[in-house]
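Some notes on the structure that comes next.
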Amino acid sequence: MMKQSTKILAVGLASAALVAALPAWAQGAAAASPIPAPTVDKGDTAWMLVSSLLVLMMSVPGLALFYGGLVRTKNMLSVLTQVLMITCMVAVIWVTYGYSIAFTGGNQFFGGFSKALLMGVDANSQAATFSNGVYIPEYVYICFQMTFACITPALFVGSVAERVKFSPLMLFVALWVTFVYFPIAHMVWYWEGPDSMAKAAIAGGAALDAATNDGGYLFVKGALDFAGGTVVHINAGITGLVMCLLLGKRIGFPKEPMPPHSLTMTMIGASLLWVGWFGFNAGSNLESNGVTAVAFINTFVATAAAGLSWLLTEQIVRGKPSLLGAASGVVAGLVAVTPASGFAGPMGSVVLGLIVSPICFFFVSVVKSKFKYDDSLDVFGVHCIGGITGALATGILDAPFLGGQGIADYTTKPGTLSAGTYDMAHQLWVQLQGVVITLLWSGIGCLILYFIIDKLWGFRVSEEVEHEGLDIAEHGERAYHY
Amino acid sequence: MKLVIAIIKPFKLDEVREALSGVGVAGMTVTEVKGFGRQKGQTEIYRGAEYSTNMVPKIKIEVACASDMAGAVVEAIQASANTGAIGDGKIFVLDVGQAVRIRTGETDDSAL
C-alpha cells in the first residue's frame, strides 16, 4: 500500500514537472488517469463464488433446520418446505427482474428494468467492488446478491410458523421481495462504484455532485450497512412482527406447551448459520483482501462473545444455561455484527457481541410475554432487535479511535481509497435514519400486502388443520415414521 | 390366575426382569408410560416460554401368573425396583377370568 502510494506520488510529481515544463502537453498528462485499469482477479472471483455457496448453505439447510427443530413434530416439514421453496422462488424472481430493480440506476428508491431478464449481462460483464480498478464478473455479483434476496424472506417465516397457509405465504413473499426487499437493497447498497466516483472527482463540479447523488437514498445519506443489518435483518424482523400480530396467536398459545421438537436439529442449523455467515459478512467486501479479513474476524469474535453473554445472562436470571440459549446468542451475535462487520475492529465487535445478547434475551423473554404476541420463533426479538443494535453500534464502532475502519473517501484523492473525517454524532444520526426508514418502509409495505392477500385467499389455516398439523394437512406427508 | 401390573422407574427394568426370571416368570409385557403421583414433574424453559411437565416417564410391566405364584412375583418386583426414593412406583394385582394361548388354543394355567 505504502509502496504504491509512493509510486503514485512519484508519477504525480513527474507529470507535474512535465506539465510545468511543457504547457502544451497539459491535456495529454491529465488523460493519464490515476484510476487503475479495470481488472478481474481470479482470487476475488473464486472467493466470491465460495461466499455465494456459503450464504446459500445458510438458507438450506442452515435456517431450515434451525427453524425446523424449534417447531412441533407435526409442523416440521411445513417449515422446511417454506424455506426451501422461498429460496427457489426468489432465485427465479431475482434473475427475472429483482437484480435489475435493486442494482441498476433509476431513482434513489427503485432501480430500473434495464437489466431485467439479465439483459446485456454476459460472461465479460463486470461489477464494481470497493477498490478502484478491482472488478468481479457480474454473474458472480448477481449470484452473491441473489443468496441474500433468498434468505431474507425465509427469515420471517419463523414468526408465523405452525399456522400459516403455504400458497398465500408464497404469493406474499413474491410481492414482498418486489416492493420491500428490492427497493430497500437499492436504497442501502446501490451506487456506481469507486471508479465512477473517482472519475467524477477528477471532472469536479456538477459531475461530482451528480455522482455523489447517484446511489440509493440511504447510501447517499451515508448510512453504513456492510452486510445487511437493515436490508436483511431489520427488514425481515419487522415484517415478522407485523405478520405475527396480524395472523394472531397459535391455538393454545401461551398456555399449552409447544416445546421445540428437536434442539439437536436447531444446534446443527445454528452451526451451519455461523459457518455460512462468513460468506455473508466477509463476502460482502466483494474482494479477497485485508478488509475481508476484518469482516471475517469480526464475524468470529462478535458471535462467540454473544453466545457467551446469552448463556451468562441465563445462568444469572434462570440458574440454568440452555443449549437453545447458546444457539440464540450465537444467532443474535451474527445478526448484530452483520452491519458492522467490515467497519468495526475486533475488540469493538466483542463488545457488540457482549451487549446484544442481554438485549435480545430481554425481548424474547420479558417483552414477548408481557405483550403476548406469538412471534413463534423470535424473528422480531432476535433479528429486528439484534439488527437495530448492530446498525446503531456500527455508527460508534466504525470510529478509527475505537479500532474501526473509518469512512471511505474516494474523491479527495481520486483513484485511491483514503479515510475521511469521522463525525460520530452525525454517523449515529444517519444510522438512526436508516433504521427508522427501513422499519417504516418494511412495516407499512408488509401491512398493505398482508391485507390484500388475506382478503383474497386468507392467510391462516383452519382450526382443524392447525390441530392436525400442517405437514399432513397442507403437504400430505409426515416428517417422522417411528 | 392373577395379573400383576407394576409401574416402575425406567432404569430399574433390567433388574426387575432378572428378579422375575429368578422366581420362574417366563414372560411379560412392557410399555413406556407417563404419569404422576407424589413425584412431581420438572420445569422446561425454551427462551421465554416456561412449561412445567407434570408427567414423569415410567415403565409399566404386566405379568400373568398362576394364583399361587403371585406373592413371589410381587415380592421380586418390590425388592428389585426399590430405591427408597419417591417415584419408585406401585404394584397392582388383579384377578384374571380366562387365558388362552392363541397358537394352540390351550386355556388358563397351561396357557401361561
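Residues are referred to by chain and number: the chain letter is A, B, ... according to the order shown in the C-alpha cells, the number counts from 1 in that chain, and ligands are numbered separately from 1 in the order shown.
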
Exercise for review: Name all residues at most 8 Å from A:Leu323 (count only C-alpha atoms; drop same-chain ones fewer than 4 positions away) and give them as a list in words.
Suggested key: Leu263, Met267 and Ala327 of chain A

Practice item. Considering only C-alpha atoms, extract the chain B residues located within 10 Å of chain A and return them as JSON, numbers by chain. Key: {"B": [44, 45, 46, 47, 48, 49, 50, 51, 52, 53]}

**Study point:** Interatomic distance, atom CA of A:Val180 to atom CA of A:Ile359 (Å, one decimal)
**Key:**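 Going from atom CA of A:Val180 over to atom CA of A:Ile359, I get 26.5 Å.
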
Check your understanding: Of the candidates A:Tyr135, A:Phe148, A:Phe219, A:Phe459, which shows the shortest atom-to-atom distance to A:Asp195, using only C-alpha atoms?
Key ->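 Closest candidate: A:Tyr135.
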
**Study point:** Long-range neighbours of B:Val4 as a list in words, 8 Å cut-off, only C-alpha atoms, 3 positions minimum in chain
**Key:**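 Near B:Val4, the qualifying residues are Ile61, Glu62, Val63, Ala64, Cys65, Ala70, Val73, Val74, Ile91, Phe92, Val93 and Leu94 of chain B.
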
Check your understanding: Using only C-alpha atoms, which of B:Ile59, B:Val16, B:Ala111, B:Ala81 sits nearest B:Gln98?
Key ->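 That would be B:Ala111, the residue with the smallest distance to B:Gln98.
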
Point to revise | strand (DSSP E) positions in chain B, given as an MDAnalysis selection string | key: chainID B and resid 2:8 29:35 42:46 49:53 56:65 89:95

Check your understanding: Between A:Val177, A:Leu54, A:Leu417, A:Val121, which one has atoms that come closest to A:Trp94, using only C-alpha atoms?
Key ->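 So, comparing all the options, the nearest one is A:Val177.
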
Review point. Leaving out B:Ala85 and any residue of its chain fewer than 4 positions from it, which residues lie within 12 Å of it when counting only C-alpha atoms, given as a ChimeraX atom specification?
Key: /B:8-9,38-39,81,89

Resulting file, chosen residues, N, CA and C atoms, as a PDB file, in the first residue's frame:
```pdb
ATOM      1  N   ILE B   8     -42.851 -48.871  37.318  1.00  0.00           N
ATOM      2  CA  ILE B   8     -41.521 -48.744  37.941  1.00  0.00           C
ATOM      3  C   ILE B   8     -40.699 -47.650  37.272  1.00  0.00           C
ATOM      4  N   LYS B   9     -39.558 -47.348  37.881  1.00  0.00           N
ATOM      5  CA  LYS B   9     -38.636 -46.381  37.260  1.00  0.00           C
ATOM      6  C   LYS B   9     -37.977 -47.040  36.047  1.00  0.00           C
ATOM      7  N   ARG B  38     -46.810 -38.956  43.793  1.00  0.00           N
ATOM      8  CA  ARG B  38     -46.206 -37.988  44.715  1.00  0.00           C
ATOM      9  C   ARG B  38     -45.041 -37.249  44.071  1.00  0.00           C
ATOM     10  N   GLN B  39     -44.360 -37.960  43.158  1.00  0.00           N
ATOM     11  CA  GLN B  39     -43.228 -37.330  42.473  1.00  0.00           C
ATOM     12  C   GLN B  39     -43.767 -36.303  41.476  1.00  0.00           C
ATOM     13  N   ALA B  81     -37.173 -53.263  42.374  1.00  0.00           N
ATOM     14  CA  ALA B  81     -37.447 -51.919  41.837  1.00  0.00           C
ATOM     15  C   ALA B  81     -37.269 -50.840  42.893  1.00  0.00           C
ATOM     16  N   GLY B  89     -42.724 -46.179  42.319  1.00  0.00           N
ATOM     17  CA  GLY B  89     -43.819 -46.813  41.586  1.00  0.00           C
ATOM     18  C   GLY B  89     -44.767 -47.613  42.463  1.00  0.00           C
TER      19      GLY B  89
END
```

Check your understanding: Which one is closest to A:Ala302: A:Ser100, A:Thr416, A:Thr338, A:Ser51? Count only C-alpha atoms.
Key ->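 Ranking A:Ser100, A:Thr416, A:Thr338, A:Ser51 by distance to A:Ala302, first place goes to A:Thr338.
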
Exercise for review: Using DSSP on the backbone coordinates, identify the residues of chain B assigned to helix (DSSP H, G or I); present them as a PyMOL selection string.
Suggested key: chain B and resi 10-22+67-80+108-111

Export, as a PDB file, in the first residue's frame, the selected residues with C-alpha atoms.
```
ATOM      1  CA  PRO B  10     -37.352 -46.916  33.694  1.00  0.00           C
ATOM      2  CA  PHE B  11     -33.756 -47.622  34.676  1.00  0.00           C
ATOM      3  CA  LYS B  12     -34.918 -50.451  37.016  1.00  0.00           C
ATOM      4  CA  LEU B  13     -36.346 -52.554  34.181  1.00  0.00           C
ATOM      5  CA  ASP B  14     -33.386 -54.904  33.768  1.00  0.00           C
ATOM      6  CA  GLU B  15     -33.072 -55.621  37.480  1.00  0.00           C
ATOM      7  CA  VAL B  16     -36.787 -56.336  37.722  1.00  0.00           C
ATOM      8  CA  ARG B  17     -36.696 -58.612  34.698  1.00  0.00           C
ATOM      9  CA  GLU B  18     -33.802 -60.591  36.192  1.00  0.00           C
ATOM     10  CA  ALA B  19     -35.529 -60.867  39.563  1.00  0.00           C
ATOM     11  CA  LEU B  20     -38.700 -62.125  37.869  1.00  0.00           C
ATOM     12  CA  SER B  21     -36.761 -64.713  35.851  1.00  0.00           C
ATOM     13  CA  GLY B  22     -35.307 -65.801  39.192  1.00  0.00           C
ATOM     14  CA  SER B  67     -52.523 -67.569  41.645  1.00  0.00           C
ATOM     15  CA  ASP B  68     -50.045 -69.312  43.970  1.00  0.00           C
ATOM     16  CA  MET B  69     -47.108 -67.555  42.277  1.00  0.00           C
ATOM     17  CA  ALA B  70     -48.484 -64.013  42.602  1.00  0.00           C
ATOM     18  CA  GLY B  71     -46.972 -63.456  46.065  1.00  0.00           C
ATOM     19  CA  ALA B  72     -43.444 -64.331  44.875  1.00  0.00           C
ATOM     20  CA  VAL B  73     -43.821 -62.126  41.774  1.00  0.00           C
ATOM     21  CA  VAL B  74     -44.920 -59.119  43.833  1.00  0.00           C
ATOM     22  CA  GLU B  75     -42.049 -59.638  46.293  1.00  0.00           C
ATOM     23  CA  ALA B  76     -39.487 -59.923  43.494  1.00  0.00           C
ATOM     24  CA  ILE B  77     -40.671 -56.668  41.893  1.00  0.00           C
ATOM     25  CA  GLN B  78     -40.903 -54.828  45.175  1.00  0.00           C
ATOM     26  CA  ALA B  79     -37.375 -55.846  46.162  1.00  0.00           C
ATOM     27  CA  SER B  80     -35.709 -55.199  42.800  1.00  0.00           C
ATOM     28  CA  ASP B 108     -55.963 -70.938  31.695  1.00  0.00           C
ATOM     29  CA  ASP B 109     -52.906 -72.159  33.692  1.00  0.00           C
ATOM     30  CA  SER B 110     -51.496 -74.190  30.807  1.00  0.00           C
ATOM     31  CA  ALA B 111     -51.741 -71.112  28.589  1.00  0.00           C
TER      32      ALA B 111
END
```

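Interatomic distance, atom CA of A:Val461 to atom CA of A:Cys244: 13.7 Å.
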
Practice item. Extract, using only C-alpha atoms, all DNA, RNA and protein residues at most 8 Å from B:Val33, discarding same-chain residues fewer than 4 positions from it, and format them as an MDAnalysis selection string. Key: chainID B and resid 57:60

Keeping C-alpha atoms for every residue in the selection just given, could you write it to a file as a CSV table (one decimal), in the first residue's frame?
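And here's selection23.csv as it stands now:
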```csv
chain,number,residue,atom,x,y,z
B,57,PRO,CA,-41.8,-41.2,32.3
B,58,LYS,CA,-42.3,-44.7,33.8
B,59,ILE,CA,-42.3,-48.3,32.7
B,60,LYS,CA,-45.4,-50.5,33.1
```

Point to revise | Selection near stretch 153-163 of chain A, 7 Å with only C-alpha atoms, sequence-local residues under 3 positions removed, as a PyMOL selection string | key: chain A and resi 67+75+79+83+86+150+173+236-237+239-241+243-244+250+375-379+460-461+466+470

Review point. How far is it from atom CA of A:Gln431 to atom CA of A:Gly229, in Å with one decimal?
Key: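 If I compute the distance from atom CA of A:Gln431 to atom CA of A:Gly229, I get 10.6 Å.
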
Tell me, as a compact mmCIF listing (two decimals) with N, CA and C atoms, in the first residue's frame, which residues lie within 6 Å of B:Gly41, counting only C-alpha atoms; anything in the same chain fewer than 5 positions away does not count.
```txt
# COMPACT_ATOMS: atom_id res chain seq x y z
N THR B 53 -43.81 -29.72 33.21
CA THR B 53 -44.32 -31.02 32.78
C THR B 53 -44.67 -31.82 34.02
N ASN B 54 -45.97 -32.14 34.19
CA ASN B 54 -46.42 -32.87 35.37
C ASN B 54 -46.17 -34.36 35.24
N MET B 55 -46.09 -34.82 34.01
CA MET B 55 -45.99 -36.26 33.78
C MET B 55 -44.53 -36.70 33.79
N VAL B 56 -44.28 -37.80 34.51
CA VAL B 56 -42.94 -38.35 34.60
C VAL B 56 -42.91 -39.66 33.82
```

Review point. Taking into account only C-alpha atoms, which residue in the set B:Ala6, B:Val100, B:Ala66, B:Val25 is nearest to B:Asn82?
Key: B:Ala6
